[in-house]
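**Q** Sending over coords19.cif (mmCIF, C-alpha atoms).
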```cif
data_my_file
loop_
_atom_site.label_atom_id
_atom_site.label_comp_id
_atom_site.auth_asym_id
_atom_site.auth_seq_id
_atom_site.Cartn_x
_atom_site.Cartn_y
_atom_site.Cartn_z
CA MET D 22 0.00 0.00 0.00
CA THR D 23 1.29 3.46 -0.84
CA ASP D 24 1.52 6.36 1.59
CA GLU D 25 -0.89 8.53 -0.38
CA ASN D 26 -4.00 9.86 1.36
CA HIS D 27 -6.98 7.64 0.63
CA GLY D 28 -9.60 10.18 1.65
CA ALA D 29 -10.84 12.26 4.58
CA VAL D 30 -13.20 10.50 7.01
CA LEU D 31 -15.15 12.01 9.93
CA VAL D 32 -15.68 9.42 12.72
CA VAL D 33 -18.34 10.09 15.39
CA ASP D 34 -18.90 7.97 18.54
CA ASP D 35 -19.50 8.84 22.17
CA ASN D 36 -17.53 5.74 23.24
CA ALA D 37 -13.93 6.89 23.56
CA TYR D 38 -12.53 3.37 23.11
CA VAL D 39 -14.48 2.75 19.90
CA LEU D 40 -13.63 6.22 18.61
CA GLU D 41 -9.90 5.71 19.20
CA SER D 42 -9.79 2.16 17.79
CA VAL D 43 -11.71 3.08 14.63
CA SER D 44 -9.60 6.19 14.08
CA MET D 45 -6.35 4.24 14.50
CA LEU D 46 -7.58 1.50 12.17
CA LEU D 47 -8.49 3.92 9.40
CA GLY D 48 -5.38 6.00 9.97
CA GLY D 49 -3.32 2.87 9.49
CA GLU D 50 -4.96 2.47 6.08
CA HIS D 51 -3.83 5.99 5.10
CA PHE D 52 -7.17 7.72 5.57
CA SER D 53 -7.12 11.25 6.99
CA VAL D 54 -9.28 10.85 10.11
CA VAL D 55 -11.02 13.49 12.26
CA SER D 56 -12.80 12.12 15.35
CA CYS D 57 -15.68 13.62 17.34
CA MET D 58 -17.39 12.54 20.56
CA ASN D 59 -20.81 13.91 19.58
CA ALA D 60 -22.89 14.89 16.57
CA GLU D 61 -22.91 18.61 17.37
CA GLN D 62 -19.12 18.74 17.19
CA ALA D 63 -19.23 16.70 13.97
CA LEU D 64 -21.52 19.24 12.30
CA TYR D 65 -19.09 22.01 13.20
CA LYS D 66 -16.24 20.03 11.61
CA LEU D 67 -18.31 19.37 8.49
CA LYS D 68 -18.83 23.10 8.00
CA ALA D 69 -15.15 23.85 8.54
CA GLN D 70 -13.46 21.33 6.25
CA ARG D 71 -13.99 18.87 3.42
CA PHE D 72 -14.66 15.15 4.01
CA ASP D 73 -15.25 12.18 1.71
CA ALA D 74 -17.35 10.13 4.16
CA VAL D 75 -18.91 10.18 7.64
CA LEU D 76 -18.84 7.12 9.95
CA THR D 77 -21.15 7.53 12.94
CA ASP D 78 -22.66 5.51 15.75
CA ILE D 79 -26.49 5.56 15.93
CA LYS D 80 -27.03 5.66 19.70
CA MET D 81 -25.49 8.78 21.18
CA PRO D 82 -26.75 11.13 23.90
CA GLY D 83 -28.39 14.28 22.62
CA MET D 84 -28.22 14.31 18.84
CA THR D 85 -28.29 10.72 17.55
CA GLY D 86 -26.59 9.27 14.50
CA ILE D 87 -29.95 9.36 12.67
CA ASP D 88 -30.29 13.05 13.53
CA LEU D 89 -26.76 13.59 12.22
CA LEU D 90 -27.66 11.73 9.02
CA THR D 91 -30.62 14.09 8.49
CA ALA D 92 -28.46 17.14 9.15
CA VAL D 93 -25.72 15.95 6.78
CA ARG D 94 -28.34 15.27 4.09
CA SER D 95 -29.59 18.87 4.42
CA MET D 96 -26.02 20.13 4.02
CA SER D 97 -24.90 17.79 1.23
CA LYS D 98 -26.96 15.11 -0.46
CA ASP D 99 -23.75 13.67 -1.91
CA MET D 100 -21.92 12.97 1.36
CA PRO D 101 -21.99 9.21 2.15
CA VAL D 102 -22.92 8.45 5.76
CA ILE D 103 -22.13 5.01 7.24
CA LEU D 104 -23.97 4.04 10.43
CA MET D 105 -22.55 1.79 13.16
CA THR D 106 -25.24 -0.20 14.91
CA ALA D 107 -25.99 -3.26 17.02
CA TYR D 108 -28.03 -6.07 15.45
CA ALA D 109 -30.98 -5.19 17.69
CA GLU D 110 -31.22 -1.89 15.81
CA MET D 111 -31.36 -3.56 12.37
CA ASP D 112 -34.85 -2.30 11.44
CA LEU D 113 -33.80 1.24 12.34
CA ALA D 114 -30.64 0.90 10.26
CA VAL D 115 -32.48 -0.48 7.22
CA ASP D 116 -34.96 2.39 7.40
CA ALA D 117 -32.01 4.78 7.62
CA VAL D 118 -30.56 3.31 4.43
CA LYS D 119 -33.85 4.07 2.69
CA GLN D 120 -33.61 7.63 4.04
CA GLY D 121 -30.20 8.11 2.52
CA ALA D 122 -27.59 6.31 4.64
CA PHE D 123 -24.90 4.81 2.42
CA ASP D 124 -24.32 1.68 4.51
CA PHE D 125 -24.14 0.37 8.05
CA ILE D 126 -21.64 -1.64 10.07
CA ILE D 127 -22.80 -4.12 12.71
CA LYS D 128 -21.05 -3.95 16.08
CA PRO D 129 -18.81 -5.54 17.10
CA TYR D 130 -17.32 -4.81 13.69
CA LYS D 131 -14.68 -6.79 11.86
CA PRO D 132 -11.80 -4.51 10.84
CA GLU D 133 -11.66 -5.74 7.24
CA TYR D 134 -15.37 -5.12 6.72
CA LEU D 135 -15.22 -1.63 8.21
CA ILE D 136 -12.23 -0.70 6.04
CA HIS D 137 -13.93 -2.04 2.92
CA ALA D 138 -17.13 -0.13 3.69
CA VAL D 139 -15.24 3.13 4.12
CA GLU D 140 -13.27 2.50 0.91
CA LYS D 141 -16.55 1.98 -0.98
CA ALA D 142 -18.05 5.15 0.52
CA VAL D 143 -15.02 7.29 -0.37
CA GLU D 144 -14.97 5.86 -3.89
CA HIS D 145 -18.71 6.55 -4.23
CA HIS D 146 -18.28 10.16 -3.11
CA ARG D 147 -15.52 10.74 -5.62
CA LEU D 148 -17.62 9.20 -8.40
CA VAL D 149 -20.60 11.40 -7.52
CA LEU D 150 -18.45 14.53 -7.55
CA LEU D 151 -16.92 13.44 -10.83
CA GLU D 152 -20.35 12.89 -12.35
CA ARG D 153 -21.63 16.23 -11.01
CA ASP D 154 -18.68 18.09 -12.51
CA TYR D 155 -19.10 16.18 -15.73
CA LYS D 156 -22.78 17.13 -16.00
CA ALA D 157 -21.99 20.81 -15.43
CA ASN D 158 -19.36 20.78 -18.15
CA LEU D 159 -21.64 18.83 -20.45
CA GLU D 160 -24.42 21.41 -20.23
CA LYS D 161 -22.02 24.15 -21.32
CA GLU D 162 -20.69 22.01 -24.13
CA VAL D 163 -24.14 21.20 -25.51
CA VAL D 164 -24.88 24.91 -26.05
CA SER D 165 -22.02 25.27 -28.52
CA ARG D 166 -21.76 21.71 -29.80
CA THR D 167 -25.28 20.36 -30.23
CA ARG D 168 -24.12 17.96 -32.92
CA GLU D 169 -22.33 15.96 -30.18
CA LEU D 170 -25.38 15.78 -27.90
CA SER D 171 -26.31 12.19 -28.71
CA GLU D 172 -22.83 10.87 -28.00
CA ALA D 173 -22.54 12.90 -24.80
CA LEU D 174 -25.88 11.68 -23.43
CA LYS D 175 -24.85 8.10 -24.14
CA LEU D 176 -21.66 8.64 -22.18
CA LEU D 177 -23.66 10.11 -19.30
CA GLU D 178 -25.98 7.10 -19.31
CA ASN D 179 -23.01 4.74 -19.12
CA THR D 180 -21.51 6.75 -16.27
CA SER D 181 -24.79 6.57 -14.32
CA ARG D 182 -25.06 2.84 -14.95
CA GLU D 183 -21.52 2.27 -13.69
CA LEU D 184 -22.30 4.33 -10.60
CA VAL D 185 -25.33 2.16 -9.79
CA GLU D 186 -23.28 -1.00 -10.38
CA ARG D 187 -20.64 0.23 -7.97
CA LEU D 188 -23.28 1.09 -5.40
CA THR D 189 -24.76 -2.39 -5.84
CA SER D 190 -21.40 -3.89 -4.97
CA VAL D 191 -21.49 -2.18 -1.55
CA SER D 192 -22.92 -5.45 -0.21
CA GLU D 193 -20.01 -7.36 -1.70
CA PHE D 194 -17.70 -6.87 1.30
CA ARG D 195 -20.20 -8.73 3.53
CA ASP D 196 -21.13 -11.42 1.03
CA PRO D 197 -18.96 -14.47 0.22
CA GLU D 198 -20.24 -14.23 -3.34
CA THR D 199 -18.27 -12.08 -5.76
CA GLY D 200 -18.63 -9.10 -8.04
CA ALA D 201 -18.25 -11.42 -11.03
CA HIS D 202 -21.21 -13.46 -9.76
CA ILE D 203 -23.34 -10.32 -9.62
CA LYS D 204 -22.50 -9.41 -13.23
CA ARG D 205 -23.03 -12.97 -14.49
CA ILE D 206 -26.55 -13.05 -13.05
CA GLY D 207 -27.38 -10.00 -15.15
CA TYR D 208 -25.89 -11.46 -18.33
CA TYR D 209 -27.62 -14.83 -17.84
CA SER D 210 -30.96 -13.11 -17.24
CA GLY D 211 -30.63 -10.98 -20.38
CA LEU D 212 -29.75 -14.05 -22.44
CA MET D 213 -32.77 -15.92 -21.09
CA ALA D 214 -35.08 -12.96 -21.75
CA LYS D 215 -33.87 -12.80 -25.37
CA ARG D 216 -34.57 -16.51 -25.79
CA LEU D 217 -38.13 -15.91 -24.54
CA ASP D 218 -38.56 -13.16 -27.18
CA MET D 219 -39.11 -10.49 -24.55
CA PRO D 220 -39.14 -6.86 -25.75
CA ASP D 221 -35.73 -5.22 -26.03
CA GLU D 222 -36.64 -2.86 -23.19
CA PHE D 223 -37.35 -5.83 -20.90
CA VAL D 224 -34.08 -7.52 -21.89
CA GLU D 225 -32.05 -4.41 -21.13
CA ARG D 226 -33.90 -3.79 -17.88
CA ILE D 227 -33.53 -7.31 -16.45
CA THR D 228 -29.85 -7.44 -17.43
CA PHE D 229 -29.36 -4.43 -15.18
CA ALA D 230 -31.93 -5.19 -12.44
CA ALA D 231 -31.03 -8.85 -11.83
CA CYS D 232 -27.60 -7.75 -10.58
CA MET D 233 -29.34 -6.38 -7.47
CA HIS D 234 -31.06 -9.68 -6.57
CA ASP D 235 -29.09 -10.20 -3.34
CA LEU D 236 -28.80 -6.57 -2.22
CA GLY D 237 -30.78 -7.47 0.92
CA LYS D 238 -27.88 -9.57 2.20
CA ILE D 239 -26.42 -6.33 3.52
CA GLY D 240 -29.01 -6.67 6.29
CA ILE D 241 -27.99 -10.20 7.35
CA PRO D 242 -25.68 -10.50 10.40
CA ASP D 243 -22.10 -11.61 9.77
CA SER D 244 -22.59 -14.61 12.05
CA VAL D 245 -25.18 -15.95 9.62
CA LEU D 246 -24.02 -14.63 6.26
CA LEU D 247 -20.39 -15.67 6.70
CA LYS D 248 -20.93 -18.90 8.63
CA PRO D 249 -18.75 -21.59 7.02
CA GLY D 250 -20.92 -24.54 8.09
CA PRO D 251 -24.63 -25.42 7.78
CA LEU D 252 -27.13 -22.92 9.16
CA SER D 253 -29.43 -23.80 12.05
CA LYS D 254 -33.19 -23.52 11.58
CA ASP D 255 -33.27 -20.10 13.22
CA GLU D 256 -30.25 -18.92 11.22
CA TRP D 257 -31.88 -20.08 8.00
CA GLU D 258 -35.01 -18.09 8.82
CA ILE D 259 -32.80 -15.01 9.28
CA MET D 260 -31.00 -15.69 5.98
CA LYS D 261 -34.31 -15.90 4.11
CA THR D 262 -35.17 -12.36 5.17
CA HIS D 263 -32.62 -10.99 2.66
CA THR D 264 -35.43 -11.17 0.10
CA THR D 265 -37.77 -8.89 2.03
CA ILE D 266 -34.94 -6.59 3.17
CA GLY D 267 -33.83 -6.13 -0.45
CA HIS D 268 -37.41 -5.42 -1.51
CA ARG D 269 -37.83 -2.81 1.24
CA MET D 270 -34.62 -1.07 0.18
CA LEU D 271 -35.62 -0.90 -3.50
CA ASP D 272 -39.40 -0.55 -3.30
CA LYS D 273 -41.34 2.55 -4.34
CA SER D 274 -38.65 3.85 -6.71
CA PRO D 275 -39.94 5.99 -9.62
CA TYR D 276 -37.46 4.29 -11.98
CA PRO D 277 -38.62 1.17 -13.88
CA SER D 278 -35.25 -0.59 -13.60
CA ILE D 279 -35.23 -0.19 -9.81
CA GLN D 280 -38.89 -1.23 -9.66
CA MET D 281 -37.95 -4.46 -11.45
CA ALA D 282 -34.97 -4.91 -9.13
CA ALA D 283 -37.34 -4.71 -6.14
CA VAL D 284 -39.56 -7.43 -7.65
CA ILE D 285 -36.53 -9.64 -8.32
CA ALA D 286 -35.10 -9.13 -4.82
CA LEU D 287 -38.39 -10.30 -3.30
CA ASN D 288 -39.11 -13.22 -5.65
CA HIS D 289 -35.82 -14.78 -6.75
CA HIS D 290 -36.17 -17.69 -4.30
CA GLU D 291 -39.78 -18.59 -5.12
CA ARG D 292 -40.26 -21.97 -6.83
CA TRP D 293 -42.65 -23.18 -9.51
CA ASP D 294 -43.89 -25.95 -7.16
CA GLY D 295 -44.74 -23.44 -4.43
CA HIS D 296 -42.04 -24.54 -1.99
CA GLY D 297 -39.89 -21.42 -2.25
CA TYR D 298 -39.75 -18.34 -0.06
CA PRO D 299 -40.60 -15.79 1.27
CA ARG D 300 -44.27 -16.13 0.21
CA GLY D 301 -44.47 -19.66 -1.17
CA LEU D 302 -45.85 -18.48 -4.52
CA LYS D 303 -46.76 -21.19 -7.00
CA ALA D 304 -46.35 -21.38 -10.79
CA ALA D 305 -47.02 -18.12 -12.66
CA ASP D 306 -47.96 -16.29 -9.44
CA THR D 307 -44.25 -15.48 -9.29
CA PRO D 308 -43.43 -12.60 -11.71
CA ILE D 309 -41.48 -13.72 -14.78
CA GLU D 310 -38.41 -11.66 -13.81
CA GLY D 311 -38.29 -13.52 -10.49
CA ARG D 312 -38.61 -16.91 -12.19
CA ILE D 313 -35.80 -16.07 -14.62
CA THR D 314 -33.44 -14.84 -11.90
CA MET D 315 -34.18 -17.87 -9.71
CA LEU D 316 -33.09 -20.28 -12.45
CA VAL D 317 -29.96 -18.42 -13.51
CA ASP D 318 -28.92 -17.89 -9.87
CA GLN D 319 -29.21 -21.64 -9.33
CA TYR D 320 -27.03 -22.31 -12.37
CA ASP D 321 -24.31 -19.96 -11.13
CA ALA D 322 -24.45 -21.34 -7.58
CA LEU D 323 -23.89 -24.87 -8.89
CA ARG D 324 -20.99 -23.74 -11.07
CA SER D 325 -19.31 -21.79 -8.24
CA LYS D 326 -17.16 -22.94 -5.34
CA ARG D 327 -18.82 -22.64 -1.94
CA PRO D 328 -17.59 -23.44 1.60
CA TYR D 329 -19.76 -26.56 1.52
CA LYS D 330 -19.06 -27.73 -2.08
CA GLU D 331 -16.60 -27.74 -4.95
CA PRO D 332 -17.61 -26.11 -8.26
CA PHE D 333 -19.54 -28.32 -10.68
CA THR D 334 -18.82 -28.58 -14.40
CA HIS D 335 -21.22 -27.10 -16.91
CA GLU D 336 -22.30 -30.60 -17.94
CA LYS D 337 -23.05 -31.70 -14.38
CA THR D 338 -24.89 -28.45 -13.64
CA LEU D 339 -26.99 -28.86 -16.79
CA LYS D 340 -27.91 -32.41 -15.77
CA ILE D 341 -28.87 -31.36 -12.24
CA ILE D 342 -31.14 -28.53 -13.39
CA LEU D 343 -32.83 -30.51 -16.17
CA GLU D 344 -33.05 -33.90 -14.42
CA GLY D 345 -32.63 -33.17 -10.70
CA ASP D 346 -30.35 -34.57 -8.00
CA GLY D 347 -32.72 -34.79 -5.02
CA ARG D 348 -31.79 -31.33 -3.73
CA THR D 349 -32.45 -29.39 -6.94
CA MET D 350 -35.37 -30.66 -9.00
CA PRO D 351 -36.93 -29.68 -12.37
CA GLY D 352 -40.20 -29.00 -10.53
CA HIS D 353 -38.58 -25.98 -8.93
CA PHE D 354 -38.45 -24.18 -12.28
CA ASP D 355 -40.92 -22.81 -14.82
CA PRO D 356 -41.14 -25.53 -17.53
CA GLU D 357 -41.00 -22.90 -20.29
CA LEU D 358 -37.80 -21.50 -18.79
CA LEU D 359 -36.29 -24.97 -18.50
CA GLU D 360 -36.94 -25.54 -22.22
CA ALA D 361 -35.41 -22.16 -23.06
CA PHE D 362 -32.42 -22.85 -20.81
CA ALA D 363 -31.74 -26.20 -22.49
CA GLY D 364 -31.60 -24.44 -25.85
CA ILE D 365 -29.07 -21.78 -24.78
CA ALA D 366 -27.08 -23.63 -22.11
CA ASP D 367 -23.82 -23.23 -24.05
CA GLY D 368 -24.30 -19.46 -23.79
CA PHE D 369 -24.44 -19.78 -20.00
CA ASP D 370 -21.16 -21.69 -20.04
CA GLU D 371 -19.54 -18.96 -22.15
CA ILE D 372 -20.73 -16.23 -19.78
CA PHE D 373 -19.42 -18.14 -16.75
CA LYS D 374 -15.99 -18.63 -18.29
CA GLU D 375 -15.69 -15.08 -19.60
CA HIS D 376 -16.67 -13.26 -16.40
CA GLN D 377 -14.44 -14.35 -13.54
CA ASP D 378 -12.91 -12.31 -10.69
#
```
Represent the structure of the file as structure tokens.

**A**
Amino acid sequence: MTDENHGAVLVVDDNAYVLESVSMLLGGEHFSVVSCMNAEQALYKLKAQRFDAVLTDIKMPGMTGIDLLTAVRSMSKDMPVILMTAYAEMDLAVDAVKQGAFDFIIKPYKPEYLIHAVEKAVEHHRLVLLERDYKANLEKEVVSRTRELSEALKLLENTSRELVERLTSVSEFRDPETGAHIKRIGYYSGLMAKRLDMPDEFVERITFAACMHDLGKIGIPDSVLLKPGPLSKDEWEIMKTHTTIGHRMLDKSPYPSIQMAAVIALNHHERWDGHGYPRGLKAADTPIEGRITMLVDQYDALRSKRPYKEPFTHEKTLKIILEGDGRTMPGHFDPELLEAFAGIADGFDEIFKEHQD
């Protein structure tokens, strides 16, 4: 690691031990750290100097971390705010994310997860500032160079898409699955939608939206999400809530792609035979985008290495999905999708091989 400054971070916690340990940890990673014991002092610092991210505890006497989040949002909608919280405050933290919090860290935190979260937040802030500056320059350029408008708008669209993809990967540091897995799910889903002769708009939308299928895993405790062995019954019930958490985080968006992502997050573990979760929907009661993502996610899970299994070959994975192995059965999937999958299975293999970490 180089000695260059990786960004300015404001850390807020009324617990002196936590404040000192977090500050030392981030300082050791070459972040410029300013620490505060309360939210009022933090607001004063925010007005006096520039920061790339704010890391704050939720429960503090007087002005809470949620209050600080609201105040920061009124000052700068671009400043990423990471909340530190206990698992008992999970509902409060998830609601805070919907109100504009960038992420949250569960106490007691693991150093590598906290560092990764702060790195993501700083990177996000820099991307937002870059995009904002780019838009301002673009507006001036369009006045004098209207003939380049089409190309410029396309570039802006790609920049926005990359920004959303990077924000989606904020859950990556808490999920044993990889960024390549997230991208493959989108490519598989788009390929399947094409095979089903879906409209081009649907194909483009699901290719983008399916990447957010597991966003709700950010709300699952480390002890469950990162457990190397089998989950207990209670732990499995907690794990299943990633579907509803993801839906809550994405629901009620005015943008069609995010609306589809919310539907996928909620429904990508429903099964054709009605034995899926969280609602036990049967057959076509599950939206088509959920049925597509469920199948392609199963394909990628079988192909990938997991703590409990070695990766399967394409041929073995194809046989399991089409014929079953006792754990995965054809009855789990929409028969029309199974037929489409069989016809384009080689395309799935190509996507898997091409997109690796």

**Q** Please evaluate the PyMOL selection byres ((chain D and resi 124) around 8) against the displayed coordinates and give the resulting residues as JSON, numbers by chain.

**A** {"D": [102, 103, 104, 118, 122, 123, 125, 126, 138, 191]}

**Q** Once the PyMOL selection byres ((chain D and resi 344-349) around 12) has been applied to the shown file, what residues remain in the selection, as a compact mmCIF listing (two decimals) with C-alpha atoms, in the frame of the given file?

**A**
```txt
# COMPACT_ATOMS: atom_id res chain seq x y z
CA ARG D 292 -40.26 -21.97 -6.83
CA ASP D 294 -43.89 -25.95 -7.16
CA HIS D 296 -42.04 -24.54 -1.99
CA GLY D 297 -39.89 -21.42 -2.25
CA MET D 315 -34.18 -17.87 -9.71
CA LEU D 316 -33.09 -20.28 -12.45
CA GLN D 319 -29.21 -21.64 -9.33
CA TYR D 320 -27.03 -22.31 -12.37
CA ALA D 322 -24.45 -21.34 -7.58
CA LEU D 323 -23.89 -24.87 -8.89
CA GLU D 336 -22.30 -30.60 -17.94
CA LYS D 337 -23.05 -31.70 -14.38
CA THR D 338 -24.89 -28.45 -13.64
CA LEU D 339 -26.99 -28.86 -16.79
CA LYS D 340 -27.91 -32.41 -15.77
CA ILE D 341 -28.87 -31.36 -12.24
CA ILE D 342 -31.14 -28.53 -13.39
CA LEU D 343 -32.83 -30.51 -16.17
CA MET D 350 -35.37 -30.66 -9.00
CA PRO D 351 -36.93 -29.68 -12.37
CA GLY D 352 -40.20 -29.00 -10.53
CA HIS D 353 -38.58 -25.98 -8.93
CA PHE D 354 -38.45 -24.18 -12.28
CA LEU D 359 -36.29 -24.97 -18.50
CA ALA D 363 -31.74 -26.20 -22.49
```

**Q** Using the chain letters and numbers from this file, what does the PyMOL selection byres ((chain D and resi 327) around 12) select? Give the answer as a list in words.

**A** Asp196, Pro197, Glu198, Thr199, Leu247, Lys248, Pro249, Gly250, Pro251, Asp321, Ala322, Leu323, Arg324, Ser325, Lys326, Pro328, Tyr329, Lys330, Glu331, Pro332 and Phe333 of chain D

**Q** Compare D:Pro82, D:Pro299, D:Pro101, D:Gly364 by their minimum atom-to-atom distance to His268 of chain D, counting all atoms listed in the file, and give me the closest one.

**A** D:Pro299

**Q** Of the candidates D:Ala214, D:Ala230, D:Val43, D:Ile206, which one gets nearest to Tyr134 of chain D if we count all atoms listed in the file?

**A**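 Between D:Ala214, D:Ala230, D:Val43, D:Ile206, the residue approaching Tyr134 of chain D most closely is D:Val43.
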
**Q** Could you give me, as an MDAnalysis selection string, the residues within 12 Å of Leu90 of chain D, counting only C-alpha atoms and dropping anything in the same chain fewer than 4 positions from it?

**A** chainID D and resid 33 60:61 63:64 74:79 84:86 94:105 114 116:125

**Q** What separation in Å, quoted to one decimal, exists between atom CA of Cys57 of chain D and atom CA of Pro242 of chain D?

**A** 27.0 Å
